[in-house]
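Shown next: query36.pdb, containing PDB, C-alpha atoms.
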ATOM      1  CA  MET A  77      56.689  -0.298 -83.178
ATOM      2  CA  ALA A  78      53.567  -1.520 -81.443
ATOM      3  CA  ASN A  79      52.870  -0.919 -77.829
ATOM      4  CA  ASP A  80      51.906  -4.333 -76.604
ATOM      5  CA  ASN A  81      52.393  -3.799 -72.921
ATOM      6  CA  ALA A  82      49.031  -4.689 -71.402
ATOM      7  CA  ALA A  83      50.003  -3.043 -68.138
ATOM      8  CA  ALA A  84      50.555   0.328 -69.775
ATOM      9  CA  PRO A  85      48.070   3.095 -68.993
ATOM     10  CA  GLN A  86      45.432   3.255 -71.695
ATOM     11  CA  PRO A  87      45.051   6.547 -73.555
ATOM     12  CA  PRO A  88      41.626   8.036 -74.152
ATOM     13  CA  SER A  89      39.941   6.200 -76.986
ATOM     14  CA  GLY A  90      39.906   7.978 -80.324
ATOM     15  CA  GLU A  91      36.251   7.577 -81.124
ATOM     16  CA  ARG A  92      35.079  11.118 -80.379
ATOM     17  CA  PRO A  93      32.606  11.856 -83.182
ATOM     18  CA  GLY A  94      33.415  14.471 -85.781
ATOM     19  CA  VAL A  95      36.506  16.568 -86.331
ATOM     20  CA  ARG A  96      39.685  16.811 -84.274
ATOM     21  CA  ALA A  97      41.909  19.404 -85.902
ATOM     22  CA  GLN A  98      45.650  19.059 -86.415
ATOM     23  CA  THR A  99      46.798  21.979 -84.240
ATOM     24  CA  GLU A 100      50.413  21.860 -85.437
ATOM     25  CA  PRO A 101      52.263  19.282 -87.537
ATOM     26  CA  GLY A 102      51.967  15.953 -85.743
ATOM     27  CA  ARG A 103      49.713  17.227 -82.931
ATOM     28  CA  TRP A 104      45.937  16.958 -82.681
ATOM     29  CA  GLU A 105      43.095  18.213 -80.492
ATOM     30  CA  GLY A 106      42.360  15.711 -77.750
ATOM     31  CA  VAL A 107      45.181  13.309 -78.666
ATOM     32  CA  ALA A 108      47.741  12.688 -75.925
ATOM     33  CA  VAL A 109      51.448  12.389 -76.717
ATOM     34  CA  MET A 110      52.704   9.246 -75.022
ATOM     35  CA  PRO A 111      55.953   7.390 -74.515
ATOM     36  CA  TYR A 112      56.788   5.089 -77.416
ATOM     37  CA  LYS A 113      57.216   1.995 -75.259
ATOM     38  CA  GLN A 114      56.983   1.103 -71.630
ATOM     39  CA  THR A 115      59.392  -1.788 -71.877
ATOM     40  CA  ALA A 116      62.939  -0.875 -70.932
ATOM     41  CA  GLU A 117      64.503  -3.803 -72.756
ATOM     42  CA  ALA A 118      63.414  -2.625 -76.221
ATOM     43  CA  PRO A 119      66.035  -0.190 -77.516
ATOM     44  CA  PHE A 120      64.829   2.969 -79.203
ATOM     45  CA  GLN A 121      65.684   6.658 -79.104
ATOM     46  CA  ASP A 122      63.610   9.847 -79.265
ATOM     47  CA  VAL A 123      60.261   8.447 -80.371
ATOM     48  CA  SER A 124      56.771   9.526 -79.295
ATOM     49  CA  ARG A 125      53.472   7.726 -79.849
ATOM     50  CA  GLN A 126      49.895   8.942 -80.296
ATOM     51  CA  LEU A 127      46.717   6.920 -80.689
ATOM     52  CA  LEU A 128      44.586   8.669 -83.328
ATOM     53  CA  PHE A 129      41.720   6.164 -83.632
ATOM     54  CA  SER A 130      40.986   3.114 -81.506
ATOM     55  CA  ASP A 131      37.261   2.499 -81.813
ATOM     56  CA  PRO A 132      36.403  -1.073 -80.776
ATOM     57  CA  SER A 133      34.414  -1.663 -83.972
ATOM     58  CA  LEU A 134      37.287  -0.628 -86.228
ATOM     59  CA  ALA A 135      39.325  -3.857 -85.665
ATOM     60  CA  CYS A 136      42.466  -1.781 -86.161
ATOM     61  CA  GLU A 137      44.305   0.944 -84.315
ATOM     62  CA  TRP A 138      45.538   3.994 -86.187
ATOM     63  CA  ARG A 139      48.624   5.379 -84.472
ATOM     64  CA  TYR A 140      51.131   8.167 -85.100
ATOM     65  CA  PHE A 141      54.811   7.814 -84.233
ATOM     66  CA  GLU A 142      57.349  10.581 -84.417
ATOM     67  CA  VAL A 143      61.085   9.959 -84.442
ATOM     68  CA  SER A 144      63.091  13.077 -83.549
ATOM     69  CA  GLU A 145      66.351  14.024 -85.225
ATOM     70  CA  GLY A 146      68.928  11.338 -84.537
ATOM     71  CA  GLY A 147      66.303   8.959 -83.197
ATOM     72  CA  TYR A 148      65.230   5.486 -84.242
ATOM     73  CA  SER A 149      62.368   3.083 -83.641
ATOM     74  CA  THR A 150      63.034  -0.357 -82.185
ATOM     75  CA  LEU A 151      64.555  -2.923 -84.539
ATOM     76  CA  GLU A 152      61.975  -5.694 -84.279
ATOM     77  CA  ARG A 153      59.738  -8.193 -86.070
ATOM     78  CA  HIS A 154      56.360  -9.809 -85.391
ATOM     79  CA  ALA A 155      53.694 -11.948 -87.032
ATOM     80  CA  HIS A 156      51.305  -9.028 -87.502
ATOM     81  CA  VAL A 157      51.697  -6.544 -90.357
ATOM     82  CA  HIS A 158      52.143  -2.775 -90.330
ATOM     83  CA  ALA A 159      50.567  -0.396 -92.836
ATOM     84  CA  VAL A 160      52.499   2.879 -92.731
ATOM     85  CA  MET A 161      52.282   6.292 -94.363
ATOM     86  CA  ILE A 162      54.909   8.969 -93.754
ATOM     87  CA  HIS A 163      53.112  12.040 -92.387
ATOM     88  CA  ARG A 164      55.979  14.523 -92.053
ATOM     89  CA  GLY A 165      59.718  14.835 -92.295
ATOM     90  CA  ARG A 166      62.228  12.587 -93.960
ATOM     91  CA  GLY A 167      64.228   9.556 -93.007
ATOM     92  CA  GLN A 168      65.005   5.970 -93.879
ATOM     93  CA  CYS A 169      63.415   2.657 -93.166
ATOM     94  CA  LEU A 170      64.707  -0.872 -93.118
ATOM     95  CA  VAL A 171      62.225  -3.526 -94.285
ATOM     96  CA  GLY A 172      63.812  -6.972 -94.359
ATOM     97  CA  GLU A 173      67.223  -6.261 -95.862
ATOM     98  CA  THR A 174      66.165  -3.228 -97.890
ATOM     99  CA  ILE A 175      66.898   0.337 -96.776
ATOM    100  CA  ARG A 176      64.923   3.110 -98.468
ATOM    101  CA  ASP A 177      64.661   6.868 -98.166
ATOM    102  CA  VAL A 178      61.139   7.920 -97.257
ATOM    103  CA  GLY A 179      59.322  11.241 -97.165
ATOM    104  CA  GLN A 180      55.866  12.715 -96.715
ATOM    105  CA  GLY A 181      53.096  10.653 -98.281
ATOM    106  CA  ASP A 182      55.152   7.530 -98.977
ATOM    107  CA  LEU A 183      53.611   4.163 -98.098
ATOM    108  CA  VAL A 184      55.460   1.354 -96.327
ATOM    109  CA  PHE A 185      54.180  -2.176 -95.792
ATOM    110  CA  ILE A 186      55.881  -4.373 -93.200
ATOM    111  CA  PRO A 187      55.078  -8.046 -93.901
ATOM    112  CA  PRO A 188      54.904 -10.682 -91.155
ATOM    113  CA  MET A 189      58.157 -11.613 -89.387
ATOM    114  CA  THR A 190      60.179  -8.981 -91.214
ATOM    115  CA  TRP A 191      62.852  -6.981 -89.409
ATOM    116  CA  HIS A 192      62.138  -3.275 -89.613
ATOM    117  CA  GLN A 193      63.399   0.003 -88.210
ATOM    118  CA  PHE A 194      62.706   3.687 -88.908
ATOM    119  CA  ARG A 195      65.277   6.450 -88.533
ATOM    120  CA  ALA A 196      64.951  10.224 -88.911
ATOM    121  CA  ASN A 197      67.333  12.184 -91.111
ATOM    122  CA  ARG A 198      69.851  14.520 -89.549
ATOM    123  CA  GLY A 199      68.170  17.900 -89.118
ATOM    124  CA  ASP A 200      64.717  16.434 -89.556
ATOM    125  CA  CYS A 201      62.128  14.366 -87.756
ATOM    126  CA  LEU A 202      60.223  11.418 -89.189
ATOM    127  CA  GLY A 203      56.515  11.249 -88.347
ATOM    128  CA  PHE A 204      54.535   8.293 -89.606
ATOM    129  CA  LEU A 205      51.009   6.929 -89.432
ATOM    130  CA  CYS A 206      50.783   3.205 -88.655
ATOM    131  CA  VAL A 207      47.624   1.093 -88.893
ATOM    132  CA  VAL A 208      47.725  -2.255 -87.112
ATOM    133  CA  ASN A 209      45.316  -5.051 -86.236
ATOM    134  CA  VAL A 210      43.997  -4.739 -82.664
ATOM    135  CA  ALA A 211      44.604  -8.486 -82.214
ATOM    136  CA  ARG A 212      48.351  -8.820 -82.584
ATOM    137  CA  ASP A 213      51.392 -10.581 -81.204
ATOM    138  CA  ARG A 214      54.187  -8.995 -79.210
ATOM    139  CA  PRO A 215      57.210  -7.721 -81.140
ATOM    140  CA  GLN A 216      60.361  -9.856 -81.046
ATOM    141  CA  LEU A 217      63.776  -8.313 -80.525
ATOM    142  CA  PRO A 218      66.780  -9.677 -82.436
ATOM    143  CA  THR A 219      68.928 -12.256 -80.680
ATOM    144  CA  ALA A 220      72.706 -12.165 -81.014
ATOM    145  CA  ASP A 221      72.356 -14.708 -83.828
ATOM    146  CA  ASP A 222      69.734 -12.604 -85.595
ATOM    147  CA  LEU A 223      71.990  -9.562 -85.380
ATOM    148  CA  ALA A 224      74.940 -11.489 -86.738
ATOM    149  CA  LYS A 225      72.825 -12.556 -89.734
ATOM    150  CA  LEU A 226      71.524  -9.028 -90.323
ATOM    151  CA  ARG A 227      75.057  -7.631 -90.152
ATOM    152  CA  LYS A 228      76.260  -9.883 -92.955
ATOM    153  CA  THR A 229      74.825  -7.227 -95.277
ATOM    154  CA  GLU A 230      77.118  -4.211 -94.974
ATOM    155  CA  GLN A 231      74.422  -1.601 -95.585
ATOM    156  CA  VAL A 232      72.191  -3.205 -92.977
ATOM    157  CA  ALA A 233      75.058  -3.407 -90.500
ATOM    158  CA  ASP A 234      75.656   0.324 -90.959
ATOM    159  CA  PHE A 235      71.974   1.212 -90.679
ATOM    160  CA  ILE A 236      70.625  -0.687 -87.701
ATOM    161  CA  ARG A 237      70.617   0.751 -84.201
ATOM    162  CA  THR A 238      70.297  -1.568 -81.223
ATOM    163  CA  GLY A 239      71.085   0.722 -78.328
ATOM    164  CA  ALA A 240      74.619  -0.632 -78.091
ATOM    165  CA  GLU A 241      76.164   2.017 -80.359
TER     166      GLU A 241
ATOM    167  CA  MET B  50      32.059   6.175 -98.865
ATOM    168  CA  ALA B  51      32.811   2.478 -98.825
ATOM    169  CA  ASN B  52      32.802   0.420-101.950
ATOM    170  CA  ASP B  53      30.662  -2.505-100.944
ATOM    171  CA  ASN B  54      29.820  -3.778-104.388
ATOM    172  CA  ALA B  55      31.024  -7.378-104.345
ATOM    173  CA  ALA B  56      30.757  -7.575-108.130
ATOM    174  CA  ALA B  57      33.185  -4.706-108.648
ATOM    175  CA  PRO B  58      36.614  -5.569-110.087
ATOM    176  CA  GLN B  59      39.111  -5.958-107.310
ATOM    177  CA  PRO B  60      42.200  -3.759-107.394
ATOM    178  CA  PRO B  61      45.634  -5.224-106.793
ATOM    179  CA  SER B  62      46.054  -5.843-103.095
ATOM    180  CA  GLY B  63      48.203  -3.359-101.238
ATOM    181  CA  GLU B  64      50.458  -5.790 -99.484
ATOM    182  CA  ARG B  65      53.579  -5.370-101.614
ATOM    183  CA  PRO B  66      56.413  -5.343 -99.065
ATOM    184  CA  GLY B  67      58.418  -2.203 -98.488
ATOM    185  CA  VAL B  68      58.050   1.299 -99.875
ATOM    186  CA  ARG B  69      55.634   2.626-102.487
ATOM    187  CA  ALA B  70      56.490   6.278-103.040
ATOM    188  CA  GLN B  71      53.952   9.070-103.405
ATOM    189  CA  THR B  72      54.744  10.140-106.982
ATOM    190  CA  GLU B  73      52.623  13.308-106.852
ATOM    191  CA  PRO B  74      50.086  14.492-104.267
ATOM    192  CA  GLY B  75      47.443  11.797-103.954
ATOM    193  CA  ARG B  76      49.114   9.342-106.346
ATOM    194  CA  TRP B  77      51.302   6.367-105.434
ATOM    195  CA  GLU B  78      53.504   3.792-107.176
ATOM    196  CA  GLY B  79      51.490   0.676-107.951
ATOM    197  CA  VAL B  80      48.169   2.048-106.676
ATOM    198  CA  ALA B  81      45.363   2.185-109.251
ATOM    199  CA  VAL B  82      42.946   5.124-109.385
ATOM    200  CA  MET B  83      39.440   3.677-109.475
ATOM    201  CA  PRO B  84      35.869   4.872-109.758
ATOM    202  CA  TYR B  85      34.422   5.883-106.405
ATOM    203  CA  LYS B  86      31.379   3.612-106.687
ATOM    204  CA  GLN B  87      29.984   1.181-109.164
ATOM    205  CA  THR B  88      26.377   1.677-108.077
ATOM    206  CA  ALA B  89      24.525   4.201-110.205
ATOM    207  CA  GLU B  90      21.860   4.859-107.593
ATOM    208  CA  ALA B  91      24.282   6.411-105.079
ATOM    209  CA  PRO B  92      24.662  10.089-105.931
ATOM    210  CA  PHE B  93      28.145  11.582-105.865
ATOM    211  CA  GLN B  94      30.215  13.856-108.052
ATOM    212  CA  ASP B  95      33.882  13.966-109.033
ATOM    213  CA  VAL B  96      35.324  11.477-106.569
ATOM    214  CA  SER B  97      38.085   8.924-107.140
ATOM    215  CA  ARG B  98      39.076   5.993-104.935
ATOM    216  CA  GLN B  99      42.377   4.224-104.263
ATOM    217  CA  LEU B 100      43.085   1.212-102.112
ATOM    218  CA  LEU B 101      46.375   1.843-100.313
ATOM    219  CA  PHE B 102      46.504  -1.238 -98.057
ATOM    220  CA  SER B 103      44.265  -4.291 -98.046
ATOM    221  CA  ASP B 104      46.313  -7.079 -96.541
ATOM    222  CA  PRO B 105      44.045  -9.915 -95.343
ATOM    223  CA  SER B 106      45.702  -9.976 -91.924
ATOM    224  CA  LEU B 107      45.161  -6.269 -91.330
ATOM    225  CA  ALA B 108      41.385  -6.567 -90.589
ATOM    226  CA  CYS B 109      40.967  -3.095 -92.085
ATOM    227  CA  GLU B 110      41.264  -1.465 -95.463
ATOM    228  CA  TRP B 111      43.117   1.817 -95.805
ATOM    229  CA  ARG B 112      41.679   3.790 -98.703
ATOM    230  CA  TYR B 113      42.222   7.221-100.262
ATOM    231  CA  PHE B 114      39.368   9.252-101.713
ATOM    232  CA  GLU B 115      39.764  12.464-103.626
ATOM    233  CA  VAL B 116      36.903  14.867-104.225
ATOM    234  CA  SER B 117      37.607  17.316-107.057
ATOM    235  CA  GLU B 118      36.592  20.969-106.996
ATOM    236  CA  GLY B 119      32.820  21.187-106.820
ATOM    237  CA  GLY B 120      32.474  17.499-106.039
ATOM    238  CA  TYR B 121      30.943  15.647-103.113
ATOM    239  CA  SER B 122      30.926  12.155-101.667
ATOM    240  CA  THR B 123      27.656  10.278-101.261
ATOM    241  CA  LEU B 124      25.412  11.379 -98.395
ATOM    242  CA  GLU B 125      25.028   8.082 -96.527
ATOM    243  CA  ARG B 126      25.132   6.235 -93.226
ATOM    244  CA  HIS B 127      25.990   2.694 -92.112
ATOM    245  CA  ALA B 128      26.599   0.631 -88.995
ATOM    246  CA  HIS B 129      30.363   0.528 -89.508
ATOM    247  CA  VAL B 130      32.596   3.436 -88.533
ATOM    248  CA  HIS B 131      35.016   5.511 -90.592
ATOM    249  CA  ALA B 132      38.367   6.782 -89.360
ATOM    250  CA  VAL B 133      39.444   9.651 -91.620
ATOM    251  CA  MET B 134      42.453  11.927 -91.989
ATOM    252  CA  ILE B 135      42.532  14.756 -94.530
ATOM    253  CA  HIS B 136      45.562  14.204 -96.763
ATOM    254  CA  ARG B 137      45.411  17.260 -99.033
ATOM    255  CA  GLY B 138      43.264  20.214 -99.949
ATOM    256  CA  ARG B 139      40.438  21.818 -98.038
ATOM    257  CA  GLY B 140      36.711  21.332 -97.771
ATOM    258  CA  GLN B 141      33.865  20.669 -95.404
ATOM    259  CA  CYS B 142      32.341  17.615 -93.894
ATOM    260  CA  LEU B 143      28.946  16.851 -92.446
ATOM    261  CA  VAL B 144      28.936  14.428 -89.505
ATOM    262  CA  GLY B 145      25.454  13.997 -88.069
ATOM    263  CA  GLU B 146      24.134  17.544 -88.062
ATOM    264  CA  THR B 147      27.504  19.252 -87.691
ATOM    265  CA  ILE B 148      29.309  20.876 -90.619
ATOM    266  CA  ARG B 149      33.000  21.631 -90.167
ATOM    267  CA  ASP B 150      35.793  23.053 -92.274
ATOM    268  CA  VAL B 151      38.612  20.550 -92.674
ATOM    269  CA  GLY B 152      42.154  20.754 -94.006
ATOM    270  CA  GLN B 153      45.336  18.738 -94.258
ATOM    271  CA  GLY B 154      46.045  16.576 -91.225
ATOM    272  CA  ASP B 155      42.645  16.941 -89.549
ATOM    273  CA  LEU B 156      41.008  13.799 -88.144
ATOM    274  CA  VAL B 157      37.346  12.916 -88.623
ATOM    275  CA  PHE B 158      35.497  10.060 -86.935
ATOM    276  CA  ILE B 159      32.161   8.912 -88.369
ATOM    277  CA  PRO B 160      30.224   6.971 -85.697
ATOM    278  CA  PRO B 161      27.748   4.210 -86.555
ATOM    279  CA  MET B 162      24.527   5.196 -88.350
ATOM    280  CA  THR B 163      25.577   8.819 -88.708
ATOM    281  CA  TRP B 164      24.809  10.758 -91.894
ATOM    282  CA  HIS B 165      27.993  12.084 -93.447
ATOM    283  CA  GLN B 166      29.191  13.792 -96.598
ATOM    284  CA  PHE B 167      32.463  15.387 -97.742
ATOM    285  CA  ARG B 168      32.682  18.339-100.109
ATOM    286  CA  ALA B 169      35.702  20.064-101.669
ATOM    287  CA  ASN B 170      36.123  23.826-101.470
ATOM    288  CA  ARG B 171      35.769  25.926-104.580
ATOM    289  CA  GLY B 172      39.168  26.072-106.254
ATOM    290  CA  ASP B 173      40.479  23.137-104.258
ATOM    291  CA  CYS B 174      40.228  19.385-104.037
ATOM    292  CA  LEU B 175      39.704  17.376-100.863
ATOM    293  CA  GLY B 176      41.773  14.206-100.528
ATOM    294  CA  PHE B 177      41.244  12.043 -97.466
ATOM    295  CA  LEU B 178      42.501   8.783 -96.027
ATOM    296  CA  CYS B 179      39.777   6.472 -94.699
ATOM    297  CA  VAL B 180      40.350   3.335 -92.619
ATOM    298  CA  VAL B 181      37.438   0.938 -92.386
ATOM    299  CA  ASN B 182      36.779  -2.565 -91.054
ATOM    300  CA  VAL B 183      36.980  -5.204 -93.796
ATOM    301  CA  ALA B 184      33.769  -6.750 -92.403
ATOM    302  CA  ARG B 185      31.190  -4.034 -92.890
ATOM    303  CA  ASP B 186      27.623  -3.368 -93.883
ATOM    304  CA  ARG B 187      26.451  -1.656 -97.048
ATOM    305  CA  PRO B 188      25.872   2.102 -96.889
ATOM    306  CA  GLN B 189      22.278   3.313 -96.636
ATOM    307  CA  LEU B 190      21.044   6.232 -98.725
ATOM    308  CA  PRO B 191      18.603   8.723 -97.212
ATOM    309  CA  THR B 192      14.908   8.155 -97.857
ATOM    310  CA  ALA B 193      12.610  11.088 -98.571
ATOM    311  CA  ASP B 194      11.711  11.085 -94.866
ATOM    312  CA  ASP B 195      15.380  11.095 -93.856
ATOM    313  CA  LEU B 196      16.052  14.036 -96.168
ATOM    314  CA  ALA B 197      13.078  15.951 -94.783
ATOM    315  CA  LYS B 198      14.437  15.466 -91.254
ATOM    316  CA  LEU B 199      17.968  16.489 -92.265
ATOM    317  CA  ARG B 200      16.633  19.598 -94.012
ATOM    318  CA  LYS B 201      14.939  20.845 -90.846
ATOM    319  CA  THR B 202      18.353  22.258 -89.965
ATOM    320  CA  GLU B 203      18.950  25.152 -92.347
ATOM    321  CA  GLN B 204      22.735  24.751 -92.489
ATOM    322  CA  VAL B 205      22.382  21.054 -93.245
ATOM    323  CA  ALA B 206      19.752  21.759 -95.904
ATOM    324  CA  ASP B 207      22.155  24.183 -97.596
ATOM    325  CA  PHE B 208      25.115  21.808 -97.350
ATOM    326  CA  ILE B 209      23.887  18.417 -98.484
ATOM    327  CA  ARG B 210      24.047  17.279-102.090
ATOM    328  CA  THR B 211      21.842  14.414-103.247
ATOM    329  CA  GLY B 212      22.252  14.552-107.032
ATOM    330  CA  ALA B 213      18.917  16.361-107.414
ATOM    331  CA  GLU B 214      20.418  19.857-107.289
TER     332      GLU B 214
END

Output the file's structure in the form of structure tokens.
Amino acid sequence: MANDNAAAPQPPSGERPGVRAQTEPGRWEGVAVMPYKQTAEAPFQDVSRQLLFSDPSLACEWRYFEVSEGGYSTLERHAHVHAVMIHRGRGQCLVGETIRDVGQGDLVFIPPMTWHQFRANRGDCLGFLCVVNVARDRPQLPTADDLAKLRKTEQVADFIRTGAE
Amino acid sequence: MANDNAAAPQPPSGERPGVRAQTEPGRWEGVAVMPYKQTAEAPFQDVSRQLLFSDPSLACEWRYFEVSEGGYSTLERHAHVHAVMIHRGRGQCLVGETIRDVGQGDLVFIPPMTWHQFRANRGDCLGFLCVVNVARDRPQLPTADDLAKLRKTEQVADFIRTGAE
């Protein structure tokens, strides 16, 4: 889910002191809505990204991702971890080989090198907060071998989206 | 707001893989509700603390604090920063010399060495998420001189709670 493209335009940093109100669900004063990824090779659909806090002394970035109806985040893994809280809507997530329904307020932890993907329910969006170490590796996409292994589990095979559907 | 008491019992770490559901507003599967602070000298009232994520590789801790009706967090400052999102309820916060109403979804950034305090509205609680660097300094309480300076602003004088009210 991370944006690790160093060449991408940097959003304004989130360290403005004091309050920035949520103006509507999933939108905030002074927070730009950005493309999810700049890299064309990473498959995803209907996802936006916002950087809520990125102060240099925080050591982490606090981001917000929103998957629109029918959309999905990139199926990927990486050495760094993700700490996630669902902010709005409902959907499902894959963590390793486990698929779970998730809704507002639920927590999700993505351990190192664990395949993961978020999908919104039909008729709903899925907005989630994601805290991540500033110092992190680039996400890995599944190889054909990785996909073959993942698809050995029927539920996982049905769930994952790789842009080839 | 930070718990910086090294002698305090450590809660279970938050790195359990996958989903931990929000079982009711402000309560999660496998997340213990703890005292706000262990230090008697720091004034506060009716605040609980939960550690949502504390994975060693995250570099940050993601906590949840809940101020009950009539309660307030400690008036304090420190060199480290706080990244806050209101999770439930309504209240006010002081950041520096500015007092603002806050409600669900609003963001609050506490810069270094900035006096801050959160209070719940009458008839409501104020629950907020707070992300903080794992490596951080201990909070400072206001001295008599600090309080005298803060109280030069009438609104601030009316707002702050120091346990002496």

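Residues matched by the ChimeraX specification (/B :<7) & /A in this file are A:Glu91, A:Arg92, A:Pro93, A:Gly94, A:Val95, A:Arg96, A:Ala97, A:Gln98, A:Phe129, A:Leu134, A:Ala135, A:Cys136, A:Val157, A:Ala159, A:Val171, A:Gly181, A:Asp182, A:Leu183, A:Val184, A:Phe185, A:Ile186, A:Pro187, A:Val208, A:Asn209.
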
Can I get the selection written as an mmCIF file, in the coordinates of the input, with C-alpha atoms?
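Contents of the output file selection_11.cif:
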data_model
loop_
_atom_site.group_PDB
_atom_site.id
_atom_site.type_symbol
_atom_site.label_atom_id
_atom_site.label_comp_id
_atom_site.auth_asym_id
_atom_site.auth_seq_id
_atom_site.Cartn_x
_atom_site.Cartn_y
_atom_site.Cartn_z
ATOM 1 C CA GLU A 91 36.251 7.577 -81.124
ATOM 2 C CA ARG A 92 35.079 11.118 -80.379
ATOM 3 C CA PRO A 93 32.606 11.856 -83.182
ATOM 4 C CA GLY A 94 33.415 14.471 -85.781
ATOM 5 C CA VAL A 95 36.506 16.568 -86.331
ATOM 6 C CA ARG A 96 39.685 16.811 -84.274
ATOM 7 C CA ALA A 97 41.909 19.404 -85.902
ATOM 8 C CA GLN A 98 45.650 19.059 -86.415
ATOM 9 C CA PHE A 129 41.720 6.164 -83.632
ATOM 10 C CA LEU A 134 37.287 -0.628 -86.228
ATOM 11 C CA ALA A 135 39.325 -3.857 -85.665
ATOM 12 C CA CYS A 136 42.466 -1.781 -86.161
ATOM 13 C CA VAL A 157 51.697 -6.544 -90.357
ATOM 14 C CA ALA A 159 50.567 -0.396 -92.836
ATOM 15 C CA VAL A 171 62.225 -3.526 -94.285
ATOM 16 C CA GLY A 181 53.096 10.653 -98.281
ATOM 17 C CA ASP A 182 55.152 7.530 -98.977
ATOM 18 C CA LEU A 183 53.611 4.163 -98.098
ATOM 19 C CA VAL A 184 55.460 1.354 -96.327
ATOM 20 C CA PHE A 185 54.180 -2.176 -95.792
ATOM 21 C CA ILE A 186 55.881 -4.373 -93.200
ATOM 22 C CA PRO A 187 55.078 -8.046 -93.901
ATOM 23 C CA VAL A 208 47.725 -2.255 -87.112
ATOM 24 C CA ASN A 209 45.316 -5.051 -86.236
#

Atom pair atom CA of Lys113 of chain A / atom CA of Gln168 of chain A: separation (Å): 20.6 Å

Report as a list in words the residues that result from applying the PyMOL selection byres ((chain A and resi 147) around 8) to the structure here.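 So the PyMOL selection byres ((chain A and resi 147) around 8), applied here, picks out Phe120, Gln121, Asp122, Val123, Val143, Ser144, Glu145, Gly146, Tyr148, Ser149, Arg195 and Ala196 of chain A.
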
Provide the atom CA of Arg227 of chain A to atom CA of Pro215 of chain A distance in Å, to one decimal place.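 Taking atom CA of Arg227 of chain A as the start and atom CA of Pro215 of chain A as the end point, the length is 20.0 Å.
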
So the first atom is atom CA of His127 of chain B and the second is atom CA of Trp164 of chain B; what is the distance between them in Å, to one decimal place?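 Those two atoms sit 8.2 Å apart.
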
May I ask which of the residues A:Asp222, A:Leu205, A:Asp200, A:Leu217 is the closest one to Ala118 of chain A, counting all atoms listed in the file? A:Leu217

Please identify all polymer residues within 12 Å of Glu117 of chain A, counting only C-alpha atoms, omitting same-chain residues fewer than 2 positions from it, and present them as a ChimeraX atom specification. /A:113-115,119-120,150-152,215-218,238-240

Quick one: segment 67-76 of chain B with N, CA, C and O atoms, as a tab-separated table (two decimals), in the frame of the given file?
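Saved result, selection.tsv, follows:
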chain	number	residue	atom	x	y	z
B	67	GLY	N	57.53	-3.35	-98.35
B	67	GLY	CA	58.42	-2.20	-98.49
B	67	GLY	C	57.71	-0.94	-98.92
B	67	GLY	O	56.53	-0.75	-98.65
B	68	VAL	N	58.48	-0.08	-99.62
B	68	VAL	CA	58.05	1.30	-99.88
B	68	VAL	C	57.35	1.42	-101.22
B	68	VAL	O	57.80	0.86	-102.22
B	69	ARG	N	56.25	2.15	-101.24
B	69	ARG	CA	55.63	2.63	-102.49
B	69	ARG	C	55.57	4.15	-102.37
B	69	ARG	O	54.82	4.67	-101.55
B	70	ALA	N	56.36	4.82	-103.17
B	70	ALA	CA	56.49	6.28	-103.04
B	70	ALA	C	55.24	7.00	-103.50
B	70	ALA	O	54.52	6.53	-104.39
B	71	GLN	N	54.97	8.14	-102.89
B	71	GLN	CA	53.95	9.07	-103.40
B	71	GLN	C	54.59	9.81	-104.57
B	71	GLN	O	55.55	10.56	-104.39
B	72	THR	N	54.11	9.60	-105.78
B	72	THR	CA	54.74	10.14	-106.98
B	72	THR	C	54.32	11.58	-107.25
B	72	THR	O	55.07	12.35	-107.85
B	73	GLU	N	53.11	11.93	-106.87
B	73	GLU	CA	52.62	13.31	-106.85
B	73	GLU	C	51.53	13.33	-105.78
B	73	GLU	O	51.10	12.26	-105.34
B	74	PRO	N	51.07	14.50	-105.36
B	74	PRO	CA	50.09	14.49	-104.27
B	74	PRO	C	48.87	13.62	-104.59
B	74	PRO	O	48.20	13.82	-105.61
B	75	GLY	N	48.61	12.65	-103.74
B	75	GLY	CA	47.44	11.80	-103.95
B	75	GLY	C	47.61	10.70	-104.99
B	75	GLY	O	46.62	10.08	-105.40
B	76	ARG	N	48.86	10.44	-105.41
B	76	ARG	CA	49.11	9.34	-106.35
B	76	ARG	C	50.32	8.55	-105.85
B	76	ARG	O	51.30	9.14	-105.39
